[in-house]
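First comes the structure, then the notes that go with it.
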Amino acid sequence: MSSRKRSPESSGARPRPGGATRTRGPLVLGVDSGGSGLRVALGTVGMSAPVGTTVCAEPVRTGPAGIDAGHLLEQLLPAARRLLEQHGGGDGSQIAAAAIGAAGMATLGGQLRAELPSALESALGVCRLALAADAVTAYAGAVGQRPGAVVAGGTGLIALGTDLTSWRRADGWGHLLGDSGGGAWIGRAGLDAGMRAHDGRRGGSAALLARLEAVFGPAPQLPGLLYPRADRPAVLASFAPEVAACAGHDPVAAGILREAAGHIAEAAAAVYPKAGADDEPCEVALTGGLFRMGDPLLVPLREELSRQLPQARPVPGSGDPLTGALAIAQALAAGDLRLPHHSTLLCVPGYGPGQEHG
């Protein structure tokens, strides 16, 4: 690869007074709203990489009516206007398309779907808008617009797959009803094994008991620390790395990760499309912080995927949900959005001949 610096013209931008750049091609906006805050990317149809990004550190509130559309707009609109000013869109240029991915969109996104289309058209001139579950933007970032499947793992776990005619979803039901194999599931199983060792019950792990007490204090105090917490899933997930750290020398910890790998592979198999284009194997992408746990989880997971989905082609996730949101916005602006529309997973108001699948 040449190390020669590209000129502003060759990179799709030209200098403007005050240091701003004027982007070429229709402007698009990608947004990722999650538990750690709101991320925004400005791009163009002709460039795969964003021309600018920004982060709003405050997570969007969720209330009785679901995700708070007003709170999202309070953060998004100033951030988007700053990006437009910095990158040459502050001269009245409209945003051709925007895609907003949000954790909880499928079940808690009613207010967003009702209010955002008109609000963004009025404030930013957004011509086309996609409202997506974060699993969909994770899919678009990891697999693109091809048939395949993605497993998004973090505190929770959800699998999503498509043959480009409909979506299939598995798990993502929260730590009480599912998220099997996710961070909270692994952490809870590790804490359970530690408490079993404390009691002298079968299935206990002295190694995990030692880590439990190093992290949380004396074992009998753990229920009082854990149960009053509103963020119990995150607290449980915080113990998952301890399970991974013990797996090399503790058979109970290794067994927990093998079981987690089995659950993750089951979710992938449940959503995997029957065949890709020309009967080629489809990709199964793994994305999210869970898989940064490394070999203690990935080695048994590769074995389980090979056993349960021998026809699949496992790949690491090549992009995150913000990358996927920007890619959806670019495809929408170009009239080339091939991912299937869905009333809650991927809602595109007024786009196309009323397509909705899944």
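Labels used: A, B, ... for chains in the order of the structure tokens, numbers from 1 for residues in each chain, and numbers from 1 for ligands as shown.
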Hey, what's within 12 Å of Thr62 in chain A if we count only C-alpha atoms and toss same-chain stuff fewer than 2 positions away? As an mmCIF file with N, CA and C atoms, in the first residue's frame, please?
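After the write, around_39.cif holds the following:
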data_model
loop_
_atom_site.group_PDB
_atom_site.id
_atom_site.type_symbol
_atom_site.label_atom_id
_atom_site.label_comp_id
_atom_site.auth_asym_id
_atom_site.auth_seq_id
_atom_site.Cartn_x
_atom_site.Cartn_y
_atom_site.Cartn_z
ATOM 1 N N SER A 33 -27.537 4.110 19.331
ATOM 2 C CA SER A 33 -27.949 4.445 20.692
ATOM 3 C C SER A 33 -27.907 3.188 21.534
ATOM 4 N N GLY A 34 -27.062 3.205 22.567
ATOM 5 C CA GLY A 34 -26.920 2.031 23.420
ATOM 6 C C GLY A 34 -26.726 2.412 24.872
ATOM 7 N N GLY A 35 -26.362 1.421 25.659
ATOM 8 C CA GLY A 35 -26.239 1.642 27.088
ATOM 9 C C GLY A 35 -25.109 2.562 27.472
ATOM 10 N N PRO A 59 -26.614 8.000 28.056
ATOM 11 C CA PRO A 59 -27.541 7.080 27.397
ATOM 12 C C PRO A 59 -28.936 7.688 27.276
ATOM 13 N N VAL A 60 -29.635 7.360 26.201
ATOM 14 C CA VAL A 60 -30.992 7.849 26.005
ATOM 15 C C VAL A 60 -31.915 7.191 27.036
ATOM 16 N N PRO A 64 -41.937 4.894 30.756
ATOM 17 C CA PRO A 64 -43.134 4.058 30.588
ATOM 18 C C PRO A 64 -43.573 3.916 29.134
ATOM 19 N N ALA A 65 -43.287 4.934 28.311
ATOM 20 C CA ALA A 65 -43.676 4.884 26.899
ATOM 21 C C ALA A 65 -42.583 4.289 26.016
ATOM 22 N N GLY A 66 -41.525 3.784 26.623
ATOM 23 C CA GLY A 66 -40.430 3.209 25.847
ATOM 24 C C GLY A 66 -39.258 4.166 25.750
ATOM 25 N N ILE A 67 -38.473 4.028 24.700
ATOM 26 C CA ILE A 67 -37.309 4.898 24.498
ATOM 27 C C ILE A 67 -37.800 6.322 24.283
ATOM 28 N N ASP A 68 -37.218 7.257 24.998
ATOM 29 C CA ASP A 68 -37.671 8.649 25.022
ATOM 30 C C ASP A 68 -37.192 9.381 23.765
ATOM 31 N N ALA A 69 -38.118 9.633 22.852
ATOM 32 C CA ALA A 69 -37.758 10.289 21.595
ATOM 33 C C ALA A 69 -37.242 11.700 21.824
ATOM 34 N N GLY A 70 -37.854 12.432 22.760
ATOM 35 C CA GLY A 70 -37.418 13.788 23.044
ATOM 36 C C GLY A 70 -35.996 13.845 23.554
ATOM 37 N N HIS A 71 -35.648 12.910 24.442
ATOM 38 C CA HIS A 71 -34.286 12.884 24.982
ATOM 39 C C HIS A 71 -33.279 12.518 23.904
ATOM 40 N N LEU A 72 -33.642 11.602 23.012
ATOM 41 C CA LEU A 72 -32.745 11.271 21.913
ATOM 42 C C LEU A 72 -32.508 12.488 21.026
ATOM 43 N N ALA A 102 -31.016 1.414 17.701
ATOM 44 C CA ALA A 102 -31.160 1.613 19.145
ATOM 45 C C ALA A 102 -31.371 0.287 19.847
ATOM 46 N N ALA A 103 -30.684 0.112 20.963
ATOM 47 C CA ALA A 103 -30.951 -1.032 21.822
ATOM 48 C C ALA A 103 -32.386 -0.937 22.324
ATOM 49 N N GLY A 104 -33.134 -2.009 22.191
ATOM 50 C CA GLY A 104 -34.527 -2.010 22.623
ATOM 51 C C GLY A 104 -35.511 -1.488 21.596
ATOM 52 N N MET A 105 -35.039 -1.155 20.385
ATOM 53 C CA MET A 105 -35.932 -0.591 19.368
ATOM 54 C C MET A 105 -37.107 -1.520 19.070
ATOM 55 N N THR A 107 -38.806 -3.649 20.864
ATOM 56 C CA THR A 107 -39.878 -3.735 21.851
ATOM 57 C C THR A 107 -40.216 -2.402 22.502
ATOM 58 N N LEU A 108 -39.289 -1.438 22.471
ATOM 59 C CA LEU A 108 -39.497 -0.166 23.181
ATOM 60 C C LEU A 108 -39.420 1.042 22.253
ATOM 61 N N GLY A 109 -39.478 0.830 20.940
ATOM 62 C CA GLY A 109 -39.244 1.915 19.991
ATOM 63 C C GLY A 109 -40.488 2.571 19.427
ATOM 64 N N GLY A 110 -41.646 2.351 20.017
ATOM 65 C CA GLY A 110 -42.872 2.915 19.473
ATOM 66 C C GLY A 110 -42.852 4.428 19.370
ATOM 67 N N GLN A 111 -42.359 5.098 20.404
ATOM 68 C CA GLN A 111 -42.307 6.556 20.385
ATOM 69 C C GLN A 111 -41.317 7.058 19.333
ATOM 70 N N LEU A 112 -40.207 6.360 19.158
ATOM 71 C CA LEU A 112 -39.251 6.750 18.126
ATOM 72 C C LEU A 112 -39.878 6.634 16.747
#
Requested in this report: With a distance cut-off of 12 Å and only C-alpha atoms, select the neighbouring residues of range 297-312 of chain A, excluding the residue or stretch itself and same-chain residues fewer than 4 positions from it, and output the selection as a PyMOL selection string.
Outcome: chain A and resi 147-151+153+181-183+186+240-241+243-248+253-276+279-286+290-293+316
Taking the backbone alone, and naming residues the way the document does, which bits of range 150-348 of chain A are helix (DSSP H, G or I) by DSSP, as a CSV table (one decimal) with N, CA and C atoms, in the first residue's frame?
chain,number,residue,atom,x,y,z
A,183,GLY,N,-22.9,-12.5,28.5
A,183,GLY,CA,-22.0,-12.2,29.7
A,183,GLY,C,-22.7,-12.3,31.0
A,184,ALA,N,-24.0,-11.9,31.1
A,184,ALA,CA,-24.7,-12.1,32.4
A,184,ALA,C,-24.9,-13.5,32.7
A,185,TRP,N,-25.2,-14.3,31.7
A,185,TRP,CA,-25.4,-15.8,31.9
A,185,TRP,C,-24.1,-16.4,32.4
A,186,ILE,N,-23.0,-16.1,31.8
A,186,ILE,CA,-21.7,-16.7,32.2
A,186,ILE,C,-21.4,-16.2,33.6
A,187,GLY,N,-21.5,-14.9,33.9
A,187,GLY,CA,-21.2,-14.4,35.2
A,187,GLY,C,-22.1,-15.0,36.3
A,188,ARG,N,-23.4,-15.2,36.0
A,188,ARG,CA,-24.3,-15.8,37.0
A,188,ARG,C,-23.9,-17.2,37.3
A,189,ALA,N,-23.6,-18.0,36.2
A,189,ALA,CA,-23.2,-19.4,36.3
A,189,ALA,C,-21.9,-19.5,37.2
A,190,GLY,N,-20.9,-18.5,36.9
A,190,GLY,CA,-19.7,-18.5,37.7
A,190,GLY,C,-19.9,-18.2,39.2
A,191,LEU,N,-20.8,-17.3,39.5
A,191,LEU,CA,-21.2,-16.9,40.8
A,191,LEU,C,-21.9,-18.1,41.5
A,192,ASP,N,-22.8,-18.8,40.8
A,192,ASP,CA,-23.4,-19.9,41.3
A,192,ASP,C,-22.4,-21.0,41.7
A,193,ALA,N,-21.4,-21.2,40.9
A,193,ALA,CA,-20.4,-22.2,41.2
A,193,ALA,C,-19.6,-21.8,42.4
A,194,GLY,N,-19.4,-20.5,42.6
A,194,GLY,CA,-18.7,-20.1,43.8
A,194,GLY,C,-19.5,-20.3,45.0
A,195,MET,N,-20.8,-20.0,44.9
A,195,MET,CA,-21.7,-20.2,46.1
A,195,MET,C,-21.8,-21.6,46.4
A,196,ARG,N,-21.8,-22.5,45.4
A,196,ARG,CA,-21.9,-23.9,45.7
A,196,ARG,C,-20.7,-24.4,46.4
A,197,ALA,N,-19.5,-23.9,46.1
A,197,ALA,CA,-18.3,-24.2,46.8
A,197,ALA,C,-18.4,-23.7,48.2
A,198,HIS,N,-18.9,-22.6,48.4
A,198,HIS,CA,-19.0,-22.0,49.8
A,198,HIS,C,-19.9,-22.9,50.6
A,199,ASP,N,-21.0,-23.5,50.0
A,199,ASP,CA,-21.9,-24.3,50.8
A,199,ASP,C,-21.5,-25.7,50.9
A,206,ALA,N,-13.8,-24.0,43.9
A,206,ALA,CA,-13.0,-23.2,44.9
A,206,ALA,C,-12.4,-22.0,44.2
A,207,ALA,N,-11.9,-22.2,43.0
A,207,ALA,CA,-11.3,-21.1,42.2
A,207,ALA,C,-12.3,-19.9,42.0
A,208,LEU,N,-13.5,-20.3,41.6
A,208,LEU,CA,-14.5,-19.2,41.4
A,208,LEU,C,-15.0,-18.6,42.7
A,209,LEU,N,-15.0,-19.4,43.8
A,209,LEU,CA,-15.3,-18.8,45.1
A,209,LEU,C,-14.2,-17.8,45.5
A,210,ALA,N,-13.0,-18.1,45.3
A,210,ALA,CA,-11.9,-17.2,45.6
A,210,ALA,C,-12.0,-15.9,44.8
A,211,ARG,N,-12.4,-16.0,43.5
A,211,ARG,CA,-12.5,-14.8,42.7
A,211,ARG,C,-13.8,-14.0,43.1
A,212,LEU,N,-14.8,-14.7,43.5
A,212,LEU,CA,-16.1,-14.1,44.0
A,212,LEU,C,-15.7,-13.2,45.2
A,213,GLU,N,-15.0,-13.8,46.1
A,213,GLU,CA,-14.7,-13.0,47.4
A,213,GLU,C,-13.7,-11.9,47.1
A,214,ALA,N,-12.8,-12.1,46.1
A,214,ALA,CA,-11.9,-11.0,45.8
A,214,ALA,C,-12.6,-9.8,45.2
A,215,VAL,N,-13.6,-10.1,44.4
A,215,VAL,CA,-14.3,-9.0,43.7
A,215,VAL,C,-15.4,-8.4,44.6
A,216,PHE,N,-16.2,-9.3,45.3
A,216,PHE,CA,-17.4,-8.8,45.9
A,216,PHE,C,-17.4,-8.8,47.5
A,219,ALA,N,-18.8,-14.3,50.7
A,219,ALA,CA,-19.8,-14.9,49.9
A,219,ALA,C,-21.2,-14.6,50.5
A,220,PRO,N,-21.4,-14.8,51.8
A,220,PRO,CA,-22.8,-14.6,52.4
A,220,PRO,C,-23.3,-13.2,52.1
A,221,GLN,N,-22.5,-12.2,51.9
A,221,GLN,CA,-22.9,-10.8,51.6
A,221,GLN,C,-23.4,-10.6,50.2
A,222,LEU,N,-23.1,-11.5,49.3
A,222,LEU,CA,-23.4,-11.3,47.9
A,222,LEU,C,-24.8,-11.0,47.6
A,223,PRO,N,-25.8,-11.8,48.1
A,223,PRO,CA,-27.2,-11.5,47.8
A,223,PRO,C,-27.6,-10.1,48.2
A,224,GLY,N,-27.1,-9.6,49.3
A,224,GLY,CA,-27.4,-8.2,49.7
A,224,GLY,C,-26.8,-7.1,48.8
A,225,LEU,N,-25.7,-7.5,48.2
A,225,LEU,CA,-25.1,-6.6,47.2
A,225,LEU,C,-25.8,-6.6,45.9
A,226,LEU,N,-26.2,-7.8,45.5
A,226,LEU,CA,-26.7,-8.0,44.1
A,226,LEU,C,-28.2,-7.7,43.9
A,232,ARG,N,-28.5,-5.2,37.7
A,232,ARG,CA,-28.1,-6.6,38.0
A,232,ARG,C,-27.4,-7.3,36.8
A,233,PRO,N,-28.0,-7.2,35.5
A,233,PRO,CA,-27.3,-7.9,34.4
A,233,PRO,C,-25.9,-7.5,34.2
A,234,ALA,N,-25.6,-6.1,34.4
A,234,ALA,CA,-24.3,-5.7,34.2
A,234,ALA,C,-23.4,-6.2,35.3
A,235,VAL,N,-23.9,-6.2,36.5
A,235,VAL,CA,-23.1,-6.7,37.6
A,235,VAL,C,-22.7,-8.2,37.4
A,236,LEU,N,-23.7,-9.0,37.0
A,236,LEU,CA,-23.5,-10.4,36.7
A,236,LEU,C,-22.4,-10.5,35.6
A,237,ALA,N,-22.6,-9.7,34.5
A,237,ALA,CA,-21.7,-9.8,33.4
A,237,ALA,C,-20.2,-9.4,33.8
A,240,ALA,N,-18.0,-12.3,34.3
A,240,ALA,CA,-17.7,-13.3,33.2
A,240,ALA,C,-16.2,-13.3,32.9
A,241,PRO,N,-15.5,-12.2,32.9
A,241,PRO,CA,-14.0,-12.3,32.7
A,241,PRO,C,-13.3,-13.1,33.7
A,242,GLU,N,-13.8,-13.2,35.0
A,242,GLU,CA,-13.2,-14.0,36.0
A,242,GLU,C,-13.4,-15.5,35.7
A,243,VAL,N,-14.5,-15.8,35.1
A,243,VAL,CA,-14.8,-17.2,34.7
A,243,VAL,C,-13.8,-17.6,33.6
A,244,ALA,N,-13.6,-16.7,32.7
A,244,ALA,CA,-12.6,-16.9,31.6
A,244,ALA,C,-11.2,-17.1,32.1
A,245,ALA,N,-10.8,-16.2,33.1
A,245,ALA,CA,-9.5,-16.3,33.7
A,245,ALA,C,-9.2,-17.6,34.4
A,246,CYS,N,-10.3,-18.2,34.9
A,246,CYS,CA,-10.1,-19.5,35.7
A,246,CYS,C,-10.2,-20.7,34.8
A,251,PRO,N,-11.8,-26.9,36.0
A,251,PRO,CA,-12.7,-27.6,35.0
A,251,PRO,C,-14.2,-27.1,35.1
A,252,VAL,N,-14.6,-26.6,36.3
A,252,VAL,CA,-15.9,-26.0,36.4
A,252,VAL,C,-16.1,-24.8,35.5
A,253,ALA,N,-15.1,-23.9,35.6
A,253,ALA,CA,-15.1,-22.7,34.8
A,253,ALA,C,-15.1,-23.0,33.3
A,254,ALA,N,-14.2,-23.9,33.0
A,254,ALA,CA,-14.1,-24.4,31.5
A,254,ALA,C,-15.5,-25.0,31.1
A,255,GLY,N,-16.1,-25.7,32.0
A,255,GLY,CA,-17.4,-26.3,31.6
A,255,GLY,C,-18.5,-25.2,31.4
A,256,ILE,N,-18.4,-24.2,32.2
A,256,ILE,CA,-19.4,-23.1,32.0
A,256,ILE,C,-19.2,-22.5,30.6
A,257,LEU,N,-18.0,-22.2,30.2
A,257,LEU,CA,-17.8,-21.6,28.9
A,257,LEU,C,-18.1,-22.6,27.8
A,258,ARG,N,-17.9,-23.9,28.0
A,258,ARG,CA,-18.3,-24.9,26.9
A,258,ARG,C,-19.9,-24.8,26.8
A,259,GLU,N,-20.6,-24.8,27.9
A,259,GLU,CA,-22.0,-24.7,27.9
A,259,GLU,C,-22.5,-23.4,27.2
A,260,ALA,N,-21.8,-22.3,27.5
A,260,ALA,CA,-22.1,-21.0,26.9
A,260,ALA,C,-21.9,-21.1,25.4
A,261,ALA,N,-20.8,-21.7,25.0
A,261,ALA,CA,-20.6,-21.9,23.5
A,261,ALA,C,-21.7,-22.7,22.9
A,262,GLY,N,-22.2,-23.7,23.5
A,262,GLY,CA,-23.3,-24.5,23.0
A,262,GLY,C,-24.5,-23.6,22.8
A,263,HIS,N,-24.9,-22.8,23.8
A,263,HIS,CA,-26.0,-21.9,23.6
A,263,HIS,C,-25.8,-20.9,22.5
A,264,ILE,N,-24.6,-20.4,22.4
A,264,ILE,CA,-24.4,-19.4,21.3
A,264,ILE,C,-24.5,-20.0,19.9
A,265,ALA,N,-24.0,-21.2,19.8
A,265,ALA,CA,-24.1,-21.9,18.5
A,265,ALA,C,-25.5,-22.3,18.2
A,266,GLU,N,-26.3,-22.7,19.2
A,266,GLU,CA,-27.7,-23.0,19.0
A,266,GLU,C,-28.5,-21.8,18.5
A,267,ALA,N,-28.2,-20.6,19.1
A,267,ALA,CA,-28.9,-19.4,18.6
A,267,ALA,C,-28.5,-19.1,17.2
A,268,ALA,N,-27.2,-19.2,16.8
A,268,ALA,CA,-26.8,-19.0,15.4
A,268,ALA,C,-27.5,-20.0,14.5
A,269,ALA,N,-27.6,-21.3,14.9
A,269,ALA,CA,-28.2,-22.3,14.1
A,269,ALA,C,-29.7,-22.0,13.9
A,270,ALA,N,-30.3,-21.4,14.9
A,270,ALA,CA,-31.8,-21.1,14.8
A,270,ALA,C,-32.1,-20.1,13.8
A,271,VAL,N,-31.2,-19.2,13.5
A,271,VAL,CA,-31.4,-18.1,12.6
A,271,VAL,C,-30.7,-18.2,11.2
A,277,ALA,N,-26.5,-17.0,-1.8
A,277,ALA,CA,-26.5,-16.9,-3.2
A,277,ALA,C,-25.8,-18.0,-3.9
A,278,ASP,N,-26.5,-18.6,-4.9
A,278,ASP,CA,-25.9,-19.8,-5.6
A,278,ASP,C,-25.5,-20.9,-4.7
A,279,ASP,N,-26.3,-21.1,-3.6
A,279,ASP,CA,-26.0,-22.1,-2.6
A,279,ASP,C,-24.6,-22.1,-2.0
A,289,GLY,N,-18.7,-7.2,22.7
A,289,GLY,CA,-17.6,-7.3,23.7
A,289,GLY,C,-17.5,-8.7,24.3
A,290,LEU,N,-18.5,-9.5,24.2
A,290,LEU,CA,-18.4,-10.9,24.8
A,290,LEU,C,-17.3,-11.7,24.1
A,291,PHE,N,-17.1,-11.5,22.8
A,291,PHE,CA,-16.1,-12.3,22.1
A,291,PHE,C,-14.7,-11.8,22.3
A,292,ARG,N,-14.5,-10.7,23.0
A,292,ARG,CA,-13.1,-10.3,23.3
A,292,ARG,C,-12.6,-11.1,24.5
A,293,MET,N,-13.4,-12.0,25.0
A,293,MET,CA,-13.0,-12.9,26.1
A,293,MET,C,-11.9,-13.8,25.6
A,295,ASP,N,-9.7,-16.9,23.7
A,295,ASP,CA,-9.7,-18.4,23.4
A,295,ASP,C,-10.6,-19.2,24.5
A,296,PRO,N,-10.6,-18.8,25.7
A,296,PRO,CA,-11.4,-19.7,26.6
A,296,PRO,C,-12.8,-19.8,26.2
A,297,LEU,N,-13.4,-18.8,25.5
A,297,LEU,CA,-14.7,-19.0,24.9
A,297,LEU,C,-14.7,-19.3,23.4
A,298,LEU,N,-13.8,-18.7,22.7
A,298,LEU,CA,-13.8,-18.9,21.2
A,298,LEU,C,-13.4,-20.3,20.8
A,299,VAL,N,-12.5,-20.9,21.5
A,299,VAL,CA,-12.1,-22.3,21.1
A,299,VAL,C,-13.3,-23.2,21.2
A,300,PRO,N,-14.0,-23.3,22.3
A,300,PRO,CA,-15.2,-24.2,22.4
A,300,PRO,C,-16.3,-23.7,21.4
A,301,LEU,N,-16.4,-22.4,21.2
A,301,LEU,CA,-17.4,-21.9,20.3
A,301,LEU,C,-17.2,-22.3,18.9
A,302,ARG,N,-15.9,-22.3,18.4
A,302,ARG,CA,-15.6,-22.7,17.1
A,302,ARG,C,-15.9,-24.2,16.9
A,303,GLU,N,-15.6,-25.0,18.0
A,303,GLU,CA,-16.0,-26.4,17.9
A,303,GLU,C,-17.5,-26.6,17.8
A,304,GLU,N,-18.3,-25.9,18.6
A,304,GLU,CA,-19.7,-26.0,18.6
A,304,GLU,C,-20.3,-25.6,17.2
A,305,LEU,N,-19.8,-24.5,16.7
A,305,LEU,CA,-20.3,-24.0,15.4
A,305,LEU,C,-19.9,-25.0,14.3
A,306,SER,N,-18.8,-25.7,14.4
A,306,SER,CA,-18.4,-26.7,13.4
A,306,SER,C,-19.3,-27.9,13.5
A,307,ARG,N,-19.8,-28.2,14.7
A,307,ARG,CA,-20.7,-29.4,15.0
A,307,ARG,C,-22.1,-29.0,14.6
A,308,GLN,N,-22.6,-27.9,15.0
A,308,GLN,CA,-24.0,-27.5,14.8
A,308,GLN,C,-24.3,-26.9,13.4
A,321,PRO,N,-22.2,-1.6,15.3
A,321,PRO,CA,-23.5,-1.1,15.0
A,321,PRO,C,-23.5,0.3,14.4
A,322,LEU,N,-22.5,1.2,14.7
A,322,LEU,CA,-22.5,2.5,14.1
A,322,LEU,C,-22.1,2.4,12.6
A,323,THR,N,-21.1,1.5,12.3
A,323,THR,CA,-20.7,1.3,11.0
A,323,THR,C,-21.9,0.8,10.2
A,324,GLY,N,-22.7,-0.2,10.8
A,324,GLY,CA,-23.9,-0.7,10.2
A,324,GLY,C,-25.0,0.3,10.0
A,325,ALA,N,-25.2,1.2,10.9
A,325,ALA,CA,-26.2,2.3,10.7
A,325,ALA,C,-25.8,3.2,9.6
A,326,LEU,N,-24.5,3.5,9.5
A,326,LEU,CA,-24.1,4.4,8.4
A,326,LEU,C,-24.3,3.7,7.0
A,327,ALA,N,-24.0,2.4,7.0
A,327,ALA,CA,-24.1,1.6,5.8
A,327,ALA,C,-25.6,1.5,5.3
A,328,ILE,N,-26.5,1.4,6.3
A,328,ILE,CA,-27.9,1.3,6.0
A,328,ILE,C,-28.4,2.7,5.4
A,329,ALA,N,-27.9,3.8,6.0
A,329,ALA,CA,-28.2,5.1,5.5
A,329,ALA,C,-27.7,5.3,4.1
A,330,GLN,N,-26.5,4.8,3.8
A,330,GLN,CA,-26.0,5.0,2.5
A,330,GLN,C,-26.8,4.2,1.5
A,331,ALA,N,-27.1,3.0,1.8
A,331,ALA,CA,-27.9,2.1,0.9
A,331,ALA,C,-29.3,2.8,0.7
A,332,LEU,N,-29.9,3.3,1.8
A,332,LEU,CA,-31.2,4.0,1.7
A,332,LEU,C,-31.2,5.2,0.7
A,333,ALA,N,-30.1,6.0,0.9
A,333,ALA,CA,-30.0,7.2,0.0
A,333,ALA,C,-29.8,6.8,-1.4
Query raised in the report: CA of Cys127 in chain A and CA of Ile95 in chain A are how many Å apart?
Result: 6.7 Å
Query raised in the report: Which of range 110-246 of chain A counts as strand (DSSP E or B) under DSSP, as JSON, numbers by chain please?
Result: {"A": [128, 129, 130, 131, 132, 133, 148, 149, 150, 151, 152, 153, 157, 158, 159, 160, 161, 162, 167, 168, 169, 170, 171]}
Contacts of Arg39 in chain A at 8 Å or less, counting only C-alpha atoms, minus same-chain residues fewer than 5 places along, as a short mmCIF file (atom, residue, chain, number, x, y, z; two decimals) with N, CA, C and O atoms, in the first residue's frame?
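Output file result38.cif follows:
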data_model
loop_
_atom_site.label_atom_id
_atom_site.label_comp_id
_atom_site.auth_asym_id
_atom_site.auth_seq_id
_atom_site.Cartn_x
_atom_site.Cartn_y
_atom_site.Cartn_z
N VAL A 31 -26.60 6.58 13.33
CA VAL A 31 -26.70 6.80 14.77
C VAL A 31 -26.79 5.45 15.47
O VAL A 31 -27.52 4.55 15.03
N ASP A 32 -26.04 5.31 16.56
CA ASP A 32 -26.09 4.11 17.39
C ASP A 32 -26.38 4.54 18.82
O ASP A 32 -25.59 5.25 19.44
N SER A 33 -27.54 4.11 19.33
CA SER A 33 -27.95 4.45 20.69
C SER A 33 -27.91 3.19 21.53
O SER A 33 -28.62 2.21 21.25
N THR A 53 -17.31 11.80 13.19
CA THR A 53 -18.11 11.12 14.21
C THR A 53 -18.07 11.92 15.50
O THR A 53 -17.15 12.72 15.73
N THR A 54 -19.06 11.69 16.34
CA THR A 54 -19.08 12.31 17.65
C THR A 54 -19.83 11.40 18.61
O THR A 54 -20.58 10.52 18.18
N VAL A 55 -19.62 11.61 19.90
CA VAL A 55 -20.21 10.77 20.93
C VAL A 55 -20.93 11.65 21.95
O VAL A 55 -20.38 12.67 22.39
N CYS A 56 -22.14 11.27 22.30
CA CYS A 56 -22.88 11.88 23.40
C CYS A 56 -22.88 10.85 24.52
O CYS A 56 -23.46 9.77 24.38
N LEU A 322 -22.52 1.19 14.72
CA LEU A 322 -22.46 2.52 14.10
C LEU A 322 -22.06 2.40 12.64
O LEU A 322 -22.64 3.07 11.77
#
Report task. Please indicate the distance in Å from CA of Arg169 in chain A to CA of Leu129 in chain A, rounded to one decimal place. Result ->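 Distance reported for this atom pair: 22.7 Å.
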